[in-house]
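*Asks:* Got a structure for you, protein_5.txt, holding compact mmCIF, C-alpha atoms.
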```
# COMPACT_ATOMS: atom_id res chain seq x y z
CA MET A 1 103.63 134.76 108.17
CA SER A 2 100.07 135.06 106.95
CA GLU A 3 97.21 133.53 108.88
CA ASN A 4 96.72 131.08 106.07
CA GLU A 5 100.23 129.71 106.45
CA ASN A 6 99.88 129.61 110.22
CA GLU A 7 96.95 127.30 109.89
CA PHE A 8 99.18 124.45 108.71
CA ASP A 9 102.10 124.92 111.02
CA ALA A 10 102.52 121.57 112.73
CA TYR A 11 103.86 123.12 115.93
CA LEU A 12 101.01 125.57 116.21
CA SER A 13 98.47 122.85 115.61
CA LEU A 14 100.02 120.88 118.47
CA ALA A 15 99.26 123.76 120.82
CA ASP A 16 95.81 124.25 119.34
CA VAL A 17 93.94 122.18 121.89
CA THR A 18 90.51 123.17 120.63
CA GLU A 19 91.05 121.50 117.27
CA GLU A 20 90.02 117.91 117.17
CA ASP A 21 92.36 115.25 115.82
CA HIS A 22 95.44 117.43 115.53
CA ARG A 23 98.34 115.38 116.79
CA TRP A 24 101.87 115.31 115.59
CA ALA A 25 103.41 112.45 117.52
CA PHE A 26 102.83 108.78 118.00
CA GLY A 27 100.91 107.76 121.07
CA THR A 28 97.52 106.52 122.07
CA GLY A 29 94.22 107.83 120.82
CA PHE A 30 94.98 107.94 117.09
CA ALA A 31 92.34 107.59 114.43
CA ASP A 32 91.93 104.15 112.94
CA PRO A 33 94.62 103.78 110.25
CA LEU A 34 92.21 101.68 108.19
CA ALA A 35 89.46 104.35 108.38
CA GLY A 36 86.89 103.83 105.69
CA LEU A 37 88.50 100.72 104.22
CA GLY A 38 85.56 98.53 105.19
CA GLU A 39 85.69 96.30 108.21
CA ALA A 40 83.73 93.31 106.96
CA VAL A 41 85.51 89.99 106.68
CA PRO A 42 84.57 88.59 103.26
CA PRO A 43 82.50 85.40 103.08
CA GLY A 44 84.67 82.31 102.84
CA VAL A 45 87.38 83.83 105.09
CA ASP A 46 87.48 82.42 108.62
CA PRO A 47 87.64 85.47 110.91
CA ALA A 48 89.45 83.62 113.71
CA ALA A 49 92.18 82.41 111.35
CA LEU A 50 92.47 85.88 109.79
CA ALA A 51 92.77 87.51 113.22
CA GLU A 52 95.50 85.05 114.16
CA ARG A 53 97.47 85.70 110.94
CA CYS A 54 97.26 89.47 111.31
CA LEU A 55 98.12 89.36 115.00
CA ALA A 56 101.25 87.25 114.45
CA LEU A 57 102.54 89.46 111.62
CA GLY A 58 101.59 92.64 113.49
CA ASP A 59 103.38 91.48 116.63
CA ASP A 60 106.54 90.65 114.65
CA ALA A 61 106.56 94.21 113.32
CA LEU A 62 105.67 95.89 116.62
CA ILE A 63 108.32 94.15 118.71
CA TYR A 64 111.05 94.40 116.09
CA SER A 65 110.25 98.06 115.50
CA HIS A 66 110.77 98.64 119.21
CA ARG A 67 114.15 96.89 119.14
CA LEU A 68 115.22 99.02 116.16
CA GLN A 69 114.08 102.21 117.90
CA GLN A 70 116.46 101.38 120.73
CA TRP A 71 119.31 102.05 118.27
CA VAL A 72 118.26 105.67 117.85
CA THR A 73 120.99 107.87 119.40
CA ARG A 74 123.32 104.83 119.42
CA ALA A 75 124.00 104.24 115.71
CA PRO A 76 127.59 104.69 114.49
CA GLU A 77 126.71 107.49 112.03
CA LEU A 78 123.87 109.90 111.45
CA GLU A 79 123.03 108.26 108.09
CA GLU A 80 122.59 104.85 109.75
CA GLU A 81 120.56 106.39 112.53
CA THR A 82 118.18 107.91 110.00
CA ALA A 83 117.95 104.64 108.11
CA LEU A 84 117.15 102.63 111.24
CA ALA A 85 114.57 105.14 112.44
CA ASN A 86 112.88 105.02 109.04
CA ILE A 87 112.87 101.22 108.98
CA ALA A 88 111.44 101.14 112.50
CA LEU A 89 108.76 103.62 111.43
CA ASP A 90 107.81 101.51 108.40
CA LEU A 91 107.44 98.45 110.66
CA LEU A 92 105.43 100.43 113.19
CA GLY A 93 103.10 101.48 110.38
CA GLN A 94 102.72 97.85 109.29
CA ALA A 95 102.03 96.87 112.89
CA ARG A 96 99.29 99.51 113.23
CA LEU A 97 97.52 98.32 110.09
CA LEU A 98 97.86 94.62 110.94
CA LEU A 99 96.77 94.98 114.58
CA THR A 100 93.79 97.07 113.49
CA ARG A 101 92.81 94.39 110.99
CA ALA A 102 93.31 91.66 113.63
CA GLY A 103 90.96 93.56 115.96
CA GLN A 104 88.34 93.93 113.23
CA ALA A 105 88.49 90.23 112.31
CA GLU A 106 88.29 89.19 115.97
CA GLY A 107 85.40 91.60 116.53
CA SER A 108 83.40 89.99 113.75
CA ILE A 109 83.28 86.71 115.70
CA PRO A 110 79.94 86.63 117.57
CA GLY A 111 80.43 87.37 121.25
CA LYS A 112 83.87 88.97 120.80
CA GLY A 113 84.52 92.68 121.14
CA ASN A 114 86.48 94.74 118.60
CA ARG A 115 89.83 95.62 120.21
CA ASP A 116 91.66 98.51 118.56
CA GLU A 117 95.39 98.76 117.82
CA ASP A 118 96.17 100.46 121.13
CA GLN A 119 94.36 97.85 123.21
CA LEU A 120 96.22 95.10 121.35
CA ALA A 121 99.62 96.76 121.59
CA PHE A 122 99.50 98.07 125.15
CA PHE A 123 97.07 95.92 127.10
CA ARG A 124 97.92 92.34 126.20
CA ASP A 125 100.20 90.29 128.43
CA GLU A 126 103.29 88.44 127.27
CA ARG A 127 101.60 85.12 126.61
CA GLU A 128 99.05 86.76 124.32
CA PHE A 129 101.77 88.04 121.98
CA ARG A 130 102.35 85.88 118.88
CA ASN A 131 105.65 87.21 117.52
CA VAL A 132 108.53 84.90 116.62
CA ARG A 133 111.29 84.78 119.22
CA LEU A 134 113.86 86.15 116.74
CA VAL A 135 112.56 89.72 117.14
CA GLU A 136 112.86 89.77 120.95
CA ARG A 137 116.63 89.69 121.25
CA ALA A 138 118.58 92.80 122.10
CA ASP A 139 121.37 93.37 119.58
CA ALA A 140 124.82 92.99 121.10
CA ASP A 141 126.47 95.11 118.39
CA PHE A 142 126.01 96.60 114.92
CA ALA A 143 126.91 93.28 113.26
CA GLU A 144 124.03 91.59 115.08
CA LEU A 145 121.72 94.41 114.12
CA THR A 146 122.48 94.12 110.40
CA ALA A 147 122.51 90.29 110.34
CA ARG A 148 119.10 90.05 112.00
CA LEU A 149 117.64 92.82 109.86
CA LEU A 150 118.79 90.93 106.76
CA VAL A 151 117.27 87.61 107.80
CA PHE A 152 114.07 89.16 109.13
CA SER A 153 113.47 91.40 106.11
CA ALA A 154 114.25 88.69 103.53
CA TRP A 155 111.88 86.27 105.30
CA ARG A 156 109.11 88.83 105.76
CA LEU A 157 109.42 90.04 102.17
CA ALA A 158 108.96 86.50 100.80
CA LEU A 159 106.01 85.96 103.15
CA PHE A 160 104.31 89.25 102.22
CA ASP A 161 104.89 88.59 98.52
CA ARG A 162 102.64 85.56 98.93
CA LEU A 163 100.14 87.47 101.10
CA THR A 164 99.44 89.94 98.28
CA ALA A 165 97.15 87.15 96.99
CA ASP A 166 95.45 86.62 100.37
CA PRO A 167 91.67 86.06 100.18
CA ASP A 168 91.19 88.95 102.62
CA PRO A 169 91.52 92.08 100.46
CA VAL A 170 92.59 94.27 103.40
CA LEU A 171 95.46 91.96 104.37
CA ALA A 172 96.42 91.68 100.69
CA ALA A 173 96.52 95.50 100.40
CA ILE A 174 98.59 95.86 103.58
CA ALA A 175 101.03 93.27 102.21
CA ALA A 176 101.30 94.95 98.79
CA LYS A 177 102.18 98.23 100.49
CA ALA A 178 104.71 96.57 102.82
CA VAL A 179 106.51 94.67 100.04
CA LYS A 180 108.05 97.88 98.67
CA GLU A 181 109.22 98.94 102.12
CA LEU A 182 110.66 95.53 103.03
CA THR A 183 112.65 95.42 99.80
CA TYR A 184 114.43 98.59 100.89
CA HIS A 185 115.06 97.21 104.38
CA ARG A 186 116.46 93.95 103.04
CA ASP A 187 118.77 95.67 100.55
CA TYR A 188 120.03 98.09 103.21
CA ALA A 189 120.87 95.21 105.56
CA ALA A 190 122.43 93.12 102.78
CA ALA A 191 124.78 95.98 101.83
CA TRP A 192 126.02 96.16 105.44
CA VAL A 193 126.37 92.38 105.88
CA ILE A 194 128.46 92.26 102.70
CA ARG A 195 130.54 95.27 103.78
CA LEU A 196 131.26 93.74 107.19
CA GLY A 197 131.67 90.14 106.02
CA ASP A 198 133.89 91.02 103.08
CA GLY A 199 135.76 93.62 105.11
CA THR A 200 138.60 93.29 107.60
CA ASP A 201 139.35 90.12 109.56
CA TYR A 202 137.84 91.79 112.60
CA SER A 203 134.60 92.85 110.91
CA ARG A 204 134.29 89.45 109.24
CA ALA A 205 134.65 87.67 112.61
CA LYS A 206 132.00 89.97 114.09
CA ALA A 207 129.61 89.36 111.17
CA GLN A 208 130.03 85.57 111.36
CA ALA A 209 129.58 85.59 115.13
CA ALA A 210 126.40 87.63 114.69
CA LEU A 211 124.96 85.13 112.21
CA ASP A 212 125.92 82.22 114.46
CA ALA A 213 124.25 83.86 117.45
CA LEU A 214 120.94 84.52 115.75
CA TRP A 215 120.72 81.35 113.69
CA PRO A 216 119.00 79.15 116.32
CA TYR A 217 116.16 81.71 116.34
CA THR A 218 115.51 81.22 112.62
CA GLY A 219 113.97 77.81 113.32
CA GLU A 220 110.56 79.51 113.61
CA LEU A 221 110.92 81.15 110.19
CA ASP A 222 110.27 79.15 107.08
CA LEU A 223 113.51 80.23 105.42
CA ASP A 224 113.44 77.50 102.78
CA ALA A 225 110.08 78.72 101.46
CA GLY A 226 111.48 81.84 99.86
CA PRO A 227 114.49 83.77 101.03
CA ALA A 228 116.98 80.88 101.19
CA ALA A 229 118.43 81.47 97.71
CA TYR A 230 118.67 85.22 98.29
CA LEU A 231 120.40 84.74 101.64
CA GLU A 232 122.84 82.21 100.17
CA GLY A 233 123.78 84.82 97.56
CA VAL A 234 124.43 87.48 100.19
CA PHE A 235 126.40 85.10 102.42
CA ALA A 236 128.56 84.06 99.44
CA GLU A 237 129.31 87.67 98.51
CA ALA A 238 130.00 88.47 102.16
CA THR A 239 132.32 85.41 102.43
CA LEU A 240 130.21 84.21 105.37
CA THR A 241 129.15 80.66 106.15
CA ARG A 242 125.50 79.82 106.65
CA PRO A 243 125.44 78.43 110.21
CA SER A 244 124.23 74.91 110.80
CA ALA A 245 123.23 75.40 114.43
CA PRO A 246 120.06 73.54 115.39
CA PRO A 247 116.97 75.65 116.02
CA LEU A 248 116.09 76.94 119.47
CA ALA A 249 113.94 74.25 121.06
CA PRO A 250 110.26 74.88 121.75
CA VAL A 251 109.26 75.03 125.43
CA ALA A 252 106.78 72.23 126.16
CA GLY A 253 106.15 72.13 122.41
CA LYS A 254 105.47 75.86 122.22
CA THR A 255 107.26 78.70 120.41
CA GLY A 256 106.74 82.45 120.00
CA ARG A 257 103.75 81.92 117.73
CA ASP A 258 102.06 80.04 120.61
CA GLY A 259 102.81 82.83 123.11
CA THR A 260 105.92 81.29 124.67
CA HIS A 261 108.74 83.82 124.59
CA THR A 262 112.32 84.32 125.71
CA GLU A 263 113.37 86.24 128.79
CA ALA A 264 113.98 89.36 126.68
CA MET A 265 110.27 89.74 125.91
CA GLY A 266 109.23 90.84 129.40
CA TYR A 267 111.71 93.72 129.36
CA ILE A 268 110.49 94.96 125.98
CA LEU A 269 106.86 94.90 127.04
CA ALA A 270 107.66 96.68 130.30
CA GLU A 271 109.21 99.53 128.32
CA LEU A 272 106.62 99.49 125.53
CA GLN A 273 103.52 99.34 127.70
CA SER A 274 104.33 101.12 130.97
CA VAL A 275 103.21 104.63 129.97
CA ALA A 276 99.96 103.48 128.36
CA ARG A 277 99.15 101.31 131.38
CA ALA A 278 99.97 104.03 133.89
CA ASN A 279 97.69 106.48 132.04
CA PRO A 280 95.14 104.30 130.26
CA GLU A 281 92.81 107.20 129.42
CA ALA A 282 95.49 109.53 128.09
CA THR A 283 95.60 110.67 124.49
CA TRP A 284 98.38 112.63 122.77
CA MET B 285 81.88 128.59 95.51
CA VAL B 286 85.14 126.68 95.11
CA SER B 287 84.61 123.01 94.31
CA ALA B 288 85.32 120.35 96.89
CA ARG B 289 88.00 118.88 94.65
CA GLU B 290 89.79 122.20 94.31
CA THR B 291 89.60 122.82 98.07
CA ALA B 292 90.88 119.34 98.94
CA GLY B 293 93.60 119.60 96.31
CA SER B 294 94.92 122.82 97.85
CA VAL B 295 95.90 121.21 101.17
CA PRO B 296 99.71 121.28 101.53
CA ASP B 297 101.61 118.17 102.52
CA PRO B 298 102.74 118.58 106.16
CA GLU B 299 106.22 117.22 105.46
CA LEU B 300 106.73 118.78 102.02
CA PRO B 301 104.72 121.99 102.40
CA ALA B 302 105.86 123.31 98.99
CA LEU B 303 103.64 120.64 97.43
CA THR B 304 99.94 119.94 97.80
CA ILE B 305 98.58 116.47 98.49
CA ALA B 306 97.23 116.53 94.91
CA ASP B 307 100.75 117.20 93.54
CA LEU B 308 102.06 114.18 95.47
CA GLY B 309 99.31 111.79 94.39
CA ILE B 310 98.15 111.33 98.00
CA LEU B 311 94.68 112.66 97.10
CA ARG B 312 92.99 109.81 95.27
CA ASP B 313 89.37 110.83 94.91
CA VAL B 314 86.88 113.55 95.86
CA ARG B 315 83.16 112.84 95.53
CA GLU B 316 80.27 115.18 96.13
CA ALA B 317 76.73 113.90 96.51
CA ASP B 318 73.76 115.69 98.10
CA GLY B 319 76.03 118.15 99.87
CA ALA B 320 78.20 115.39 101.38
CA VAL B 321 81.87 115.15 100.44
CA THR B 322 83.89 111.94 100.55
CA VAL B 323 87.65 112.36 100.19
CA THR B 324 89.91 109.37 99.61
CA ILE B 325 93.61 109.60 100.51
CA THR B 326 96.42 107.07 100.40
CA PRO B 327 99.56 106.89 102.57
CA THR B 328 102.95 107.13 100.87
CA TYR B 329 104.44 104.65 103.37
CA SER B 330 102.65 102.38 105.90
CA GLY B 331 104.03 104.36 108.82
CA CYS B 332 103.51 107.83 107.36
CA PRO B 333 102.92 109.93 110.50
CA ALA B 334 101.33 112.73 108.45
CA MET B 335 98.08 110.91 107.64
CA ALA B 336 96.16 112.11 110.71
CA GLN B 337 97.38 115.65 110.10
CA ILE B 338 96.36 115.51 106.43
CA ALA B 339 92.90 114.21 107.34
CA ALA B 340 92.46 116.98 109.92
CA ASP B 341 93.66 119.67 107.47
CA LEU B 342 91.31 118.35 104.77
CA ARG B 343 88.36 118.42 107.13
CA ARG B 344 89.15 121.94 108.30
CA ARG B 345 89.63 123.39 104.80
CA LEU B 346 86.47 121.76 103.47
CA GLU B 347 84.38 122.85 106.44
CA ARG B 348 85.64 126.42 106.11
CA ALA B 349 84.74 126.30 102.42
CA GLY B 350 81.17 125.53 103.43
CA PHE B 351 81.04 121.73 103.17
CA ARG B 352 79.35 120.51 106.33
CA ASP B 353 79.27 116.76 105.79
CA VAL B 354 82.86 115.57 105.22
CA ALA B 355 84.11 111.98 105.32
CA ILE B 356 87.78 111.03 104.90
CA ARG B 357 88.60 107.51 103.68
CA THR B 358 91.97 105.79 103.55
CA GLU B 359 92.79 103.54 100.64
CA LEU B 360 95.83 101.25 100.52
CA SER B 361 95.36 99.56 97.18
CA PRO B 362 96.85 100.01 94.67
CA PRO B 363 99.84 101.13 96.77
CA TRP B 364 101.11 104.68 96.29
CA THR B 365 103.91 105.12 93.82
CA THR B 366 106.13 108.08 92.97
CA ASP B 367 104.75 107.76 89.42
CA TRP B 368 101.67 109.57 90.77
CA ILE B 369 103.64 112.73 91.55
CA THR B 370 102.38 115.18 88.92
CA PRO B 371 104.66 117.09 86.50
CA ASP B 372 103.79 120.21 88.49
CA GLY B 373 104.76 118.39 91.69
CA ARG B 374 108.12 117.37 90.21
CA ARG B 375 108.82 120.97 89.22
CA LYS B 376 107.97 122.22 92.73
CA LEU B 377 110.23 119.57 94.29
CA ALA B 378 113.17 120.69 92.14
CA GLU B 379 112.46 124.34 93.03
CA ALA B 380 112.53 123.41 96.72
CA GLY B 381 116.00 121.86 96.24
CA ILE B 382 114.73 118.27 96.38
CA ALA B 383 115.61 116.01 93.45
CA PRO B 384 112.40 114.49 92.05
CA PRO B 385 112.14 110.72 91.48
CA THR B 386 113.36 109.32 88.18
CA ALA B 387 111.50 106.67 86.16
CA ARG B 388 110.66 103.45 87.98
CA GLY B 389 110.86 99.93 86.69
CA PRO B 390 113.64 98.06 84.89
CA VAL B 391 116.24 100.36 83.40
CA LEU B 392 119.32 99.14 81.54
CA VAL B 393 121.60 101.78 82.99
CA PRO B 394 120.78 103.22 86.42
CA LEU B 395 119.79 106.85 85.90
CA ALA B 396 121.86 109.50 87.62
CA VAL B 397 120.04 111.77 90.05
CA PRO B 398 121.02 115.26 88.87
CA CYS B 399 121.86 117.85 91.51
CA PRO B 400 118.81 120.11 92.01
CA ARG B 401 121.12 123.10 92.62
CA CYS B 402 123.73 122.99 89.87
CA GLY B 403 122.29 120.31 87.58
CA SER B 404 125.42 118.16 87.59
CA PRO B 405 124.74 114.43 87.05
CA GLY B 406 127.80 113.61 89.19
CA THR B 407 126.08 112.86 92.48
CA ARG B 408 126.30 110.04 94.97
CA GLU B 409 123.93 108.45 97.44
CA LEU B 410 124.95 109.09 101.05
CA SER B 411 122.05 107.16 102.55
CA ARG B 412 119.01 105.40 101.16
CA PHE B 413 117.02 107.02 103.95
CA SER B 414 116.64 110.64 104.97
CA GLY B 415 114.56 112.99 107.11
CA THR B 416 111.29 111.43 105.98
CA ALA B 417 110.50 107.91 104.80
CA CYS B 418 110.04 108.96 101.17
CA LYS B 419 113.45 110.59 100.71
CA ALA B 420 117.09 109.52 100.30
CA LEU B 421 120.16 111.64 101.04
CA TYR B 422 122.54 112.54 98.19
CA GLN B 423 125.56 114.74 97.68
CA CYS B 424 126.66 116.56 94.54
CA GLN B 425 130.29 115.86 93.70
CA LEU B 426 130.60 119.09 91.71
CA CYS B 427 129.11 121.76 93.99
CA LYS B 428 129.48 119.53 97.09
CA GLU B 429 125.98 120.41 98.31
CA PRO B 430 124.09 117.63 100.07
CA PHE B 431 120.46 117.35 98.93
CA GLU B 432 117.42 115.16 99.37
CA HIS B 433 115.93 113.00 96.64
CA VAL B 434 112.38 111.63 96.62
CA LYS B 435 113.27 108.03 95.97
CA GLU B 436 111.56 105.92 93.37
CA HIS B 437 108.90 103.85 95.09
```
Spell out the structure here as C-alpha cells.
*Replies:*
Amino acid sequence: MSENENEFDAYLSLADVTEEDHRWAFGTGFADPLAGLGEAVPPGVDPAALAERCLALGDDALIYSHRLQQWVTRAPELEEETALANIALDLLGQARLLLTRAGQAEGSIPGKGNRDEDQLAFFRDEREFRNVRLVERADADFAELTARLLVFSAWRLALFDRLTADPDPVLAAIAAKAVKELTYHRDYAAAWVIRLGDGTDYSRAKAQAALDALWPYTGELDLDAGPAAYLEGVFAEATLTRPSAPPLAPVAGKTGRDGTHTEAMGYILAELQSVARANPEATW
Amino acid sequence: MVSARETAGSVPDPELPALTIADLGILRDVREADGAVTVTITPTYSGCPAMAQIAADLRRRLERAGFRDVAIRTELSPPWTTDWITPDGRRKLAEAGIAPPTARGPVLVPLAVPCPRCGSPGTRELSRFSGTACKALYQCQLCKEPFEHVKEH
C-alpha cells in the first residue's frame, strides 16, 4: 500500500494520536455538526421558544435512537439488524443537529450559556428531558418494535414536513434533511406491520396486541394533524383495528414534554449517560 | 500549484473510497480569497459518521498542498440528493460492484436495478438498508450474487 493510500485508512487514523480531529466512532468531543451554518437566531424568532422546540424534537430522536440500538445483536435476521441500526443512526444524527441548535438558541438568550450537544445529551437530569413518553418504552417483542416505529415515524414525518417552513432557517434545513430519512423509516415499519398483521393468526394477534399496548402513549402525539389517514390505510391493509384506548393520563397535569416521564426513562438515562458522567473530560 | 478546488475534490469518501467527495456531490463549494480557503460540504444523511473524517482529510490535504488558512463549513440546505452523484461517480460505483442510483421522482414503472456484475435486470431487494445509510442490499436472480445499491435519495 502506498503512503498516499495509508493516509486515508480509517483504522490507521484512529491510532494516529498526533492528528487532530481524527475520530472514527461516536462519543464525546466531536466537532459541532452545524459548523459554519451560522448560529444567529433570526430577528422575529423567539430564541426561548426555538430552543424548546429543538430540544423536544432532539430528545425524541435521542431516546428513541437508544431504544432502537438496544435491538442490535437481537434482531431476528441480519437484514433487519442492519435496517434498525441505520434507522437508529439517522435519528442520532437528527438528535445531534437538533440539540446543537437548541443549545445555540438557548445561548443567544442574555445571561444563558451555550450548551453543546454533549452537555445536553449527557448532563441533563430526567426532568429536564422533553421527549414524549412513547419513546421511553422497552419493546417487548418485534411486533411492538415495528408498531411503534410505524406510529413514531408517521407522526414525526408529518411534523417535520410542516417544519420545513419554520421561520428558523436552520431548523427548516434540519427538517428538510430528516423528511427523506423518516419516509424510509415509516415505509420499512409499515411493510412489517402489514406482513405481521396480514400474516398468520399468531402474528396477527401479536401485531394487534402491540398496537393496543402502545396506543395509550400516542395521546401526546397529534396523530389527527397528519398521519391519521396514512395509519388508517396501513391498519386496513394489515387487517388490524385502530385501538380506542384512552391516552395515558398526565401526572399532575404534566406529560413527557413537561419533563414528567415513565419509570423506563431512568433506566435509559443511566445507560446512556453513565460513561460520559464517569469520565466527563474524556474524548474519543 | 494545484488549485484548492482540485485538491479538495481529490479527497476520497471514507466509506466509498473508490469515489471522491466531488464524485458523490458531498463537496458543495470551494472558495479562495486572499490565501484563505473555505470549503463547504454537505452530509448525505443526518447521522453520517464520516463527516468529521472528511473534514479532517480535507484540512490535511489542503494544508499539505500549501493552503495555510482553511475553513470547513457544513451546509444542510438544499438536502443532498443522489442526483448530485456525477456521471463519473456512477461509473466508478458500477466498477466497484455497487449499483448506482436510478432516476428519482415519479416514474410510471419502477425501474429495475440491474446487477452490477452480470447486467441482468432480474434482481430483488433483500433489505432497504445495508452496510452504510446510503445503500440498500440486493441480490441478482440470474448470477445469484448479492450486491449493494446506492439508493435513490
*Asks:* Determine which residues of chain B sit within 9 Å of chain A, taking into account only C-alpha atoms, and present them as a ChimeraX atom specification.
*Replies:* /B:295-296,298,301,324,328-337,339-341,355-364,410-417,421,437
*Asks:* Determine the nearest neighbour of Glu106 (chain A) from the options A:Ala56, A:Leu62, A:Val41, A:Ala270, counting all atoms listed in the file.
*Replies:*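 Smallest separation from Glu106 (chain A) among the options: A:Val41.
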*Asks:* Hey, can you check how far CA of Leu159 (chain A) sits from CA of Ala40 (chain A)?
*Replies:*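 We find that CA of Leu159 (chain A) and CA of Ala40 (chain A) lie 23.8 Å from each other.
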*Asks:* So which residues touch region 228-235 of chain A within 10 Å, counting only C-alpha atoms, skipping near sequence neighbours fewer than 5 positions away, as an MDAnalysis selection string?
*Replies:* chainID A and resid 150:151 154:155 158 187 190:191 193:194 197:198 208 211 222:223 240:242
*Asks:* Would you please work out which residue, of B:Glu436, B:Gly293, B:Gly350, B:Lys419, is nearest to Ile325 (chain B) when using all atoms listed in the file?
*Replies:*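 Closest residue, counting all atoms listed in the file: B:Gly293.
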*Asks:* Report the distance between CA of Val434 (chain B) and CA of Pro385 (chain B) in Å, rounded to one decimal place.
*Replies:*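 So the two atoms, CA of Val434 (chain B) and CA of Pro385 (chain B), lie 5.2 Å apart.
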*Asks:* Between CA of Val45 (chain A) and CA of Pro167 (chain A), what distance in Å does the model show, to one decimal?
*Replies:*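 Atom-to-atom, CA of Val45 (chain A) and CA of Pro167 (chain A) are spaced 6.9 Å apart.
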*Asks:* Could you put an axis-aligned box around every listed atom of region 328-342 of chain B, padded by 6 Å on each side, and send me its centre and edge lengths in Å to one decimal, as lines of an AutoDock Vina configuration file?
*Replies:*
```
center_x = 97.9
center_y = 111.0
center_z = 105.8
size_x = 25.1
size_y = 29.3
size_z = 21.8
```
*Asks:* Taking the point (100.0, 123.7, 97.1) as given in the file, collect each protein or nucleic acid residue that comes within 12 Å of it, counting only C-alpha atoms, and present the set as a VMD selection string.
*Replies:* (chain A and resid 5 8) or (chain B and resid 290 to 298 300 to 308 372 to 373 376 to 377)
*Asks:* Gly406 (chain B): which residues within 12 Å, counting only C-alpha atoms, same-chain residues fewer than 2 positions away excluded, as a list in words?
*Replies:*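 Residues near the query, excluding close chain neighbours: Leu395, Ala396, Val397, Pro398, Cys399, Pro400, Cys402, Gly403, Ser404, Arg408, Glu409, Tyr422, Gln423, Cys424, Gln425, Leu426, Cys427, Lys428 and Glu429 of chain B.
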